[in-house]
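**Student:** So that you have it, the file is my_file-v5.cif, and it contains mmCIF, C-alpha atoms; chains and numbers go by the auth columns:
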```cif
data_model
loop_
_atom_site.group_PDB
_atom_site.id
_atom_site.type_symbol
_atom_site.label_atom_id
_atom_site.label_comp_id
_atom_site.label_asym_id
_atom_site.label_seq_id
_atom_site.Cartn_x
_atom_site.Cartn_y
_atom_site.Cartn_z
_atom_site.B_iso_or_equiv
_atom_site.auth_seq_id
_atom_site.auth_asym_id
ATOM 1 C CA MET A 1 -43.393 29.485 7.376 0.00 13 A
ATOM 2 C CA PRO A 2 -40.949 32.059 6.002 0.00 14 A
ATOM 3 C CA PRO A 3 -37.241 31.233 5.968 0.00 15 A
ATOM 4 C CA PRO A 4 -35.197 32.253 9.009 0.00 16 A
ATOM 5 C CA VAL A 5 -32.922 35.232 8.395 0.00 17 A
ATOM 6 C CA ASP A 6 -29.845 33.162 9.255 0.00 18 A
ATOM 7 C CA ARG A 7 -30.376 30.693 6.389 0.00 19 A
ATOM 8 C CA THR A 8 -29.333 30.885 2.753 0.00 20 A
ATOM 9 C CA LEU A 9 -32.436 31.064 0.572 0.00 21 A
ATOM 10 C CA PHE A 10 -32.330 29.463 -2.879 0.00 22 A
ATOM 11 C CA ALA A 11 -34.992 29.918 -5.555 0.00 23 A
ATOM 12 C CA LEU A 12 -35.797 28.144 -8.808 0.00 24 A
ATOM 13 C CA GLY A 13 -38.721 28.634 -11.173 0.00 25 A
ATOM 14 C CA PHE A 14 -41.009 25.912 -12.533 0.00 26 A
ATOM 15 C CA SER A 15 -43.711 25.915 -15.217 0.00 27 A
ATOM 16 C CA ALA A 16 -46.459 23.335 -15.508 0.00 28 A
ATOM 17 C CA ALA A 17 -46.098 21.460 -18.797 0.00 29 A
ATOM 18 C CA ALA A 18 -48.822 19.318 -20.342 0.00 30 A
ATOM 19 C CA ALA A 19 -47.119 16.132 -19.093 0.00 31 A
ATOM 20 C CA ASP A 20 -47.288 17.474 -15.493 0.00 32 A
ATOM 21 C CA ILE A 21 -51.077 17.733 -15.501 0.00 33 A
ATOM 22 C CA ASP A 22 -53.240 14.924 -14.132 0.00 34 A
ATOM 23 C CA GLU A 23 -56.787 13.819 -14.957 0.00 35 A
ATOM 24 C CA ILE A 24 -58.352 16.519 -12.789 0.00 36 A
ATOM 25 C CA GLY A 25 -56.532 19.309 -14.599 0.00 37 A
ATOM 26 C CA HIS A 26 -53.760 20.346 -12.244 0.00 38 A
ATOM 27 C CA VAL A 27 -50.125 19.522 -11.480 0.00 39 A
ATOM 28 C CA ASN A 28 -49.958 15.951 -10.207 0.00 40 A
ATOM 29 C CA ASN A 29 -48.695 15.380 -6.654 0.00 41 A
ATOM 30 C CA ALA A 30 -45.824 13.244 -7.968 0.00 42 A
ATOM 31 C CA VAL A 31 -44.647 16.219 -10.037 0.00 43 A
ATOM 32 C CA TRP A 32 -44.503 18.415 -6.922 0.00 44 A
ATOM 33 C CA VAL A 33 -42.302 15.742 -5.287 0.00 45 A
ATOM 34 C CA ARG A 34 -40.034 15.719 -8.345 0.00 46 A
ATOM 35 C CA TRP A 35 -39.794 19.521 -8.220 0.00 47 A
ATOM 36 C CA ILE A 36 -38.916 19.351 -4.496 0.00 48 A
ATOM 37 C CA GLN A 37 -36.034 17.056 -5.352 0.00 49 A
ATOM 38 C CA GLU A 38 -34.924 19.230 -8.278 0.00 50 A
ATOM 39 C CA VAL A 39 -34.787 22.454 -6.260 0.00 51 A
ATOM 40 C CA ALA A 40 -33.016 20.747 -3.338 0.00 52 A
ATOM 41 C CA THR A 41 -30.423 19.235 -5.661 0.00 53 A
ATOM 42 C CA ALA A 42 -29.920 22.538 -7.497 0.00 54 A
ATOM 43 C CA HIS A 43 -29.386 24.298 -4.153 0.00 55 A
ATOM 44 C CA TRP A 44 -26.720 21.737 -3.152 0.00 56 A
ATOM 45 C CA MET A 45 -24.989 22.057 -6.530 0.00 57 A
ATOM 46 C CA ALA A 46 -25.043 25.872 -6.331 0.00 58 A
ATOM 47 C CA VAL A 47 -23.487 26.286 -2.888 0.00 59 A
ATOM 48 C CA ALA A 48 -21.500 23.153 -2.073 0.00 60 A
ATOM 49 C CA ASP A 49 -17.793 22.783 -2.613 0.00 61 A
ATOM 50 C CA PRO A 50 -17.263 20.759 -5.841 0.00 62 A
ATOM 51 C CA ALA A 51 -15.151 18.245 -3.900 0.00 63 A
ATOM 52 C CA GLU A 52 -18.100 17.665 -1.533 0.00 64 A
ATOM 53 C CA VAL A 53 -20.467 17.208 -4.500 0.00 65 A
ATOM 54 C CA ALA A 54 -18.080 14.641 -5.994 0.00 66 A
ATOM 55 C CA ALA A 55 -17.748 12.712 -2.729 0.00 67 A
ATOM 56 C CA ARG A 56 -21.272 12.888 -1.296 0.00 68 A
ATOM 57 C CA LEU A 57 -24.900 12.715 -2.305 0.00 69 A
ATOM 58 C CA TRP A 58 -28.212 13.205 -0.584 0.00 70 A
ATOM 59 C CA VAL A 59 -31.225 10.918 -0.342 0.00 71 A
ATOM 60 C CA VAL A 60 -34.683 11.729 0.982 0.00 72 A
ATOM 61 C CA THR A 61 -35.732 9.877 4.115 0.00 73 A
ATOM 62 C CA ARG A 62 -39.041 11.676 4.703 0.00 74 A
ATOM 63 C CA HIS A 63 -41.481 14.028 2.964 0.00 75 A
ATOM 64 C CA GLU A 64 -44.137 16.102 4.714 0.00 76 A
ATOM 65 C CA ILE A 65 -46.138 18.016 2.094 0.00 77 A
ATOM 66 C CA ASP A 66 -49.154 20.333 2.270 0.00 78 A
ATOM 67 C CA TYR A 67 -50.933 20.832 -1.056 0.00 79 A
ATOM 68 C CA LEU A 68 -52.611 24.208 -0.572 0.00 80 A
ATOM 69 C CA ARG A 69 -53.594 25.449 -4.034 0.00 81 A
ATOM 70 C CA ALA A 70 -53.785 23.775 -7.423 0.00 82 A
ATOM 71 C CA LEU A 71 -51.604 24.816 -10.343 0.00 83 A
ATOM 72 C CA GLY A 72 -53.010 24.379 -13.823 0.00 84 A
ATOM 73 C CA PRO A 73 -51.476 23.966 -17.272 0.00 85 A
ATOM 74 C CA GLY A 74 -48.974 26.690 -18.081 0.00 86 A
ATOM 75 C CA GLY A 75 -48.937 27.923 -14.477 0.00 87 A
ATOM 76 C CA HIS A 76 -45.682 29.225 -13.017 0.00 88 A
ATOM 77 C CA VAL A 77 -44.316 28.956 -9.476 0.00 89 A
ATOM 78 C CA THR A 78 -41.064 29.831 -7.793 0.00 90 A
ATOM 79 C CA ALA A 79 -39.684 27.265 -5.374 0.00 91 A
ATOM 80 C CA ARG A 80 -37.948 28.838 -2.399 0.00 92 A
ATOM 81 C CA THR A 81 -35.886 26.473 -0.275 0.00 93 A
ATOM 82 C CA TRP A 82 -33.745 26.650 2.829 0.00 94 A
ATOM 83 C CA VAL A 83 -32.396 24.274 5.448 0.00 95 A
ATOM 84 C CA GLY A 84 -34.024 23.967 8.837 0.00 96 A
ATOM 85 C CA ASP A 85 -32.289 23.445 12.140 0.00 97 A
ATOM 86 C CA ALA A 86 -28.688 22.340 12.470 0.00 98 A
ATOM 87 C CA PRO A 87 -28.008 18.889 11.035 0.00 99 A
ATOM 88 C CA ARG A 88 -28.575 15.826 13.215 0.00 100 A
ATOM 89 C CA GLY A 89 -25.924 13.265 12.393 0.00 101 A
ATOM 90 C CA ALA A 90 -26.326 12.465 8.704 0.00 102 A
ATOM 91 C CA ARG A 91 -29.674 14.287 8.422 0.00 103 A
ATOM 92 C CA PHE A 92 -30.660 17.771 7.405 0.00 104 A
ATOM 93 C CA ASP A 93 -34.216 19.103 7.170 0.00 105 A
ATOM 94 C CA ARG A 94 -35.088 21.235 4.156 0.00 106 A
ATOM 95 C CA HIS A 95 -38.106 23.499 3.730 0.00 107 A
ATOM 96 C CA VAL A 96 -39.647 24.321 0.357 0.00 108 A
ATOM 97 C CA GLU A 97 -42.435 26.702 -0.608 0.00 109 A
ATOM 98 C CA PHE A 98 -43.815 26.955 -4.125 0.00 110 A
ATOM 99 C CA VAL A 99 -45.106 30.496 -4.584 0.00 111 A
ATOM 100 C CA GLY A 100 -47.302 31.589 -7.492 0.00 112 A
ATOM 101 C CA GLU A 101 -46.908 34.776 -9.466 0.00 113 A
ATOM 102 C CA ASP A 102 -49.510 36.408 -7.221 0.00 114 A
ATOM 103 C CA GLY A 103 -47.530 35.555 -4.065 0.00 115 A
ATOM 104 C CA THR A 104 -49.824 32.733 -2.984 0.00 116 A
ATOM 105 C CA VAL A 105 -48.207 29.571 -1.634 0.00 117 A
ATOM 106 C CA HIS A 106 -49.332 26.516 -3.639 0.00 118 A
ATOM 107 C CA VAL A 107 -47.325 23.817 -1.880 0.00 119 A
ATOM 108 C CA ARG A 108 -45.324 23.807 1.341 0.00 120 A
ATOM 109 C CA ALA A 109 -42.999 20.942 2.250 0.00 121 A
ATOM 110 C CA ARG A 110 -40.526 19.829 4.857 0.00 122 A
ATOM 111 C CA THR A 111 -38.245 17.036 3.777 0.00 123 A
ATOM 112 C CA THR A 112 -35.498 15.191 5.594 0.00 124 A
ATOM 113 C CA TRP A 113 -32.367 14.327 3.659 0.00 125 A
ATOM 114 C CA ALA A 114 -29.482 12.057 4.635 0.00 126 A
ATOM 115 C CA MET A 115 -25.954 12.569 3.364 0.00 127 A
ATOM 116 C CA ILE A 116 -24.387 9.469 1.801 0.00 128 A
ATOM 117 C CA ASP A 117 -20.769 8.710 0.949 0.00 129 A
ATOM 118 C CA ARG A 118 -20.686 8.002 -2.802 0.00 130 A
ATOM 119 C CA ALA A 119 -17.869 5.442 -2.519 0.00 131 A
ATOM 120 C CA SER A 120 -19.269 3.311 0.307 0.00 132 A
ATOM 121 C CA GLY A 121 -22.993 4.069 0.079 0.00 133 A
ATOM 122 C CA ARG A 122 -23.025 4.641 3.844 0.00 134 A
ATOM 123 C CA PRO A 123 -24.508 7.617 5.721 0.00 135 A
ATOM 124 C CA LEU A 124 -22.072 10.360 6.759 0.00 136 A
ATOM 125 C CA ARG A 125 -22.341 12.899 9.545 0.00 137 A
ATOM 126 C CA VAL A 126 -23.048 16.380 8.186 0.00 138 A
ATOM 127 C CA THR A 127 -20.033 18.401 9.282 0.00 139 A
ATOM 128 C CA ALA A 128 -19.965 22.112 10.068 0.00 140 A
ATOM 129 C CA GLU A 129 -18.017 22.667 6.829 0.00 141 A
ATOM 130 C CA VAL A 130 -20.743 20.987 4.749 0.00 142 A
ATOM 131 C CA ALA A 131 -23.515 22.876 6.566 0.00 143 A
ATOM 132 C CA ALA A 132 -21.811 26.287 6.414 0.00 144 A
ATOM 133 C CA PRO A 133 -22.869 27.314 2.859 0.00 145 A
ATOM 134 C CA PHE A 134 -26.529 26.837 3.840 0.00 146 A
ATOM 135 C CA LEU A 135 -26.213 29.077 6.892 0.00 147 A
ATOM 136 C CA ARG A 136 -25.438 32.775 6.902 0.00 148 A
#
```
Write the structure described by the file as structure tokens, please.

**Tutor:**
Amino acid sequence: MPPPVDRTLFALGFSAAAADIDEIGHVNNAVWVRWIQEVATAHWMAVADPAEVAARLWVVTRHEIDYLRALGPGGHVTARTWVGDAPRGARFDRHVEFVGEDGTVHVRARTTWAMIDRASGRPLRVTAEVAAPFLR
């Protein structure tokens, strides 16, 4: 699913290192999950107001991942990520596609994140001001 035109797209490249490869010779599923978290966090850090970053953090509440094509040692992908529909309370859905150098999608994911107040550890409603940098 391509990103909607009204969403801010963020991209980050990844390369498969030897430590990322499992016993069947491709990037381990746990590594894809780690990369999902890394690109989501980098997107937040790139567009959020520094005061929001200092006061809030995000935690994953759900992953839905389709592993479509293996990536071997030394392989390169670009993770493209964007937010889904408007936030629901403390939750925001995020979409991620890992695209190979040939344009083929290797992994597609939809994850749900909840915003947490750093001081109290409690969920916070995602306000329009927090959501705005992710929307065009």

**Student:** So, counting only C-alpha atoms, which residue among A:His118, A:Arg19, A:His38, A:Arg137 is closest to Pro85 in chain A?

**Tutor:** A:His38

**Student:** Ranking A:Ala102, A:Val108, A:Val39, A:Ala63 by minimum distance to Ala82 in chain A and counting all atoms listed in the file, which one comes first?

**Tutor:**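 Nearest candidate to Ala82 in chain A out of A:Ala102, A:Val108, A:Val39, A:Ala63: A:Val39.
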
**Student:** Can you spell out as a compact mmCIF listing (two decimals) with C-alpha atoms, keeping the file's coordinate frame the set of residues that the PyMOL selection byres ((chain A and resi 44) around 12) selects in the structure I just provided?

**Tutor:**
```
# COMPACT_ATOMS: atom_id res chain seq x y z
CA PHE A 26 -41.01 25.91 -12.53
CA SER A 27 -43.71 25.92 -15.22
CA ALA A 28 -46.46 23.34 -15.51
CA ASP A 32 -47.29 17.47 -15.49
CA ILE A 33 -51.08 17.73 -15.50
CA ASP A 34 -53.24 14.92 -14.13
CA HIS A 38 -53.76 20.35 -12.24
CA VAL A 39 -50.12 19.52 -11.48
CA ASN A 40 -49.96 15.95 -10.21
CA ASN A 41 -48.70 15.38 -6.65
CA ALA A 42 -45.82 13.24 -7.97
CA VAL A 43 -44.65 16.22 -10.04
CA VAL A 45 -42.30 15.74 -5.29
CA ARG A 46 -40.03 15.72 -8.35
CA TRP A 47 -39.79 19.52 -8.22
CA ILE A 48 -38.92 19.35 -4.50
CA GLN A 49 -36.03 17.06 -5.35
CA GLU A 50 -34.92 19.23 -8.28
CA VAL A 51 -34.79 22.45 -6.26
CA HIS A 75 -41.48 14.03 2.96
CA GLU A 76 -44.14 16.10 4.71
CA ILE A 77 -46.14 18.02 2.09
CA ASP A 78 -49.15 20.33 2.27
CA TYR A 79 -50.93 20.83 -1.06
CA LEU A 80 -52.61 24.21 -0.57
CA ARG A 81 -53.59 25.45 -4.03
CA ALA A 82 -53.78 23.78 -7.42
CA LEU A 83 -51.60 24.82 -10.34
CA VAL A 89 -44.32 28.96 -9.48
CA THR A 90 -41.06 29.83 -7.79
CA ALA A 91 -39.68 27.26 -5.37
CA VAL A 108 -39.65 24.32 0.36
CA GLU A 109 -42.44 26.70 -0.61
CA PHE A 110 -43.82 26.96 -4.12
CA HIS A 118 -49.33 26.52 -3.64
CA VAL A 119 -47.32 23.82 -1.88
CA ARG A 120 -45.32 23.81 1.34
CA ALA A 121 -43.00 20.94 2.25
```

**Student:** Write out as JSON, numbers by chain the residues lying within 10 Å of Phe22 in chain A, counting only C-alpha atoms and excluding same-chain residues fewer than 6 positions away.

**Tutor:** {"A": [51, 52, 54, 55, 56, 58, 59, 91, 92, 93, 94, 95, 108, 146]}

**Student:** Report as a list in words all protein, DNA and RNA residues lying within 7 Å of Asp105 in chain A, evaluated on all atoms listed in the file, omitting residues in the same chain fewer than 4 positions from it.

**Tutor:** Val95, Gly96, Asp97, Arg122, Thr123, Thr124 and Trp125 of chain A

**Student:** For the structure provided, state which residues fall under the PyMOL selection byres ((chain A and resi 136) around 12), and present them as a count of residues only.

**Tutor:** 27

**Student:** What is the CA of Ala66 in chain A to CA of Glu141 in chain A distance in Å?

**Tutor:**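 These two atoms are separated by 15.1 Å.
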
**Student:** Given the choices A:Gly112, A:Ala144, A:Ala60, A:Leu21, which gets closest to Gly86 in chain A if the distance is worked out from all atoms listed in the file?

**Tutor:**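 Of A:Gly112, A:Ala144, A:Ala60, A:Leu21, the one nearest Gly86 in chain A, counting all atoms listed in the file, is A:Gly112.
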
**Student:** What is the CA of Gly87 in chain A-CA of Thr73 in chain A distance in Å, reported with one decimal?

**Tutor:**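 Rounded to one decimal, the two atoms are 29.1 Å apart.
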
**Student:** Report the distance between CA of Leu24 in chain A and CA of His107 in chain A in Å, rounded to one decimal place.

**Tutor:**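 Here the two named atoms are 13.6 Å from each other.
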
**Student:** Quick one: of A:Leu147, A:Ala98, A:Val65, A:Ala31, who's nearest to Thr53 in chain A, counting all atoms listed in the file?

**Tutor:** A:Val65
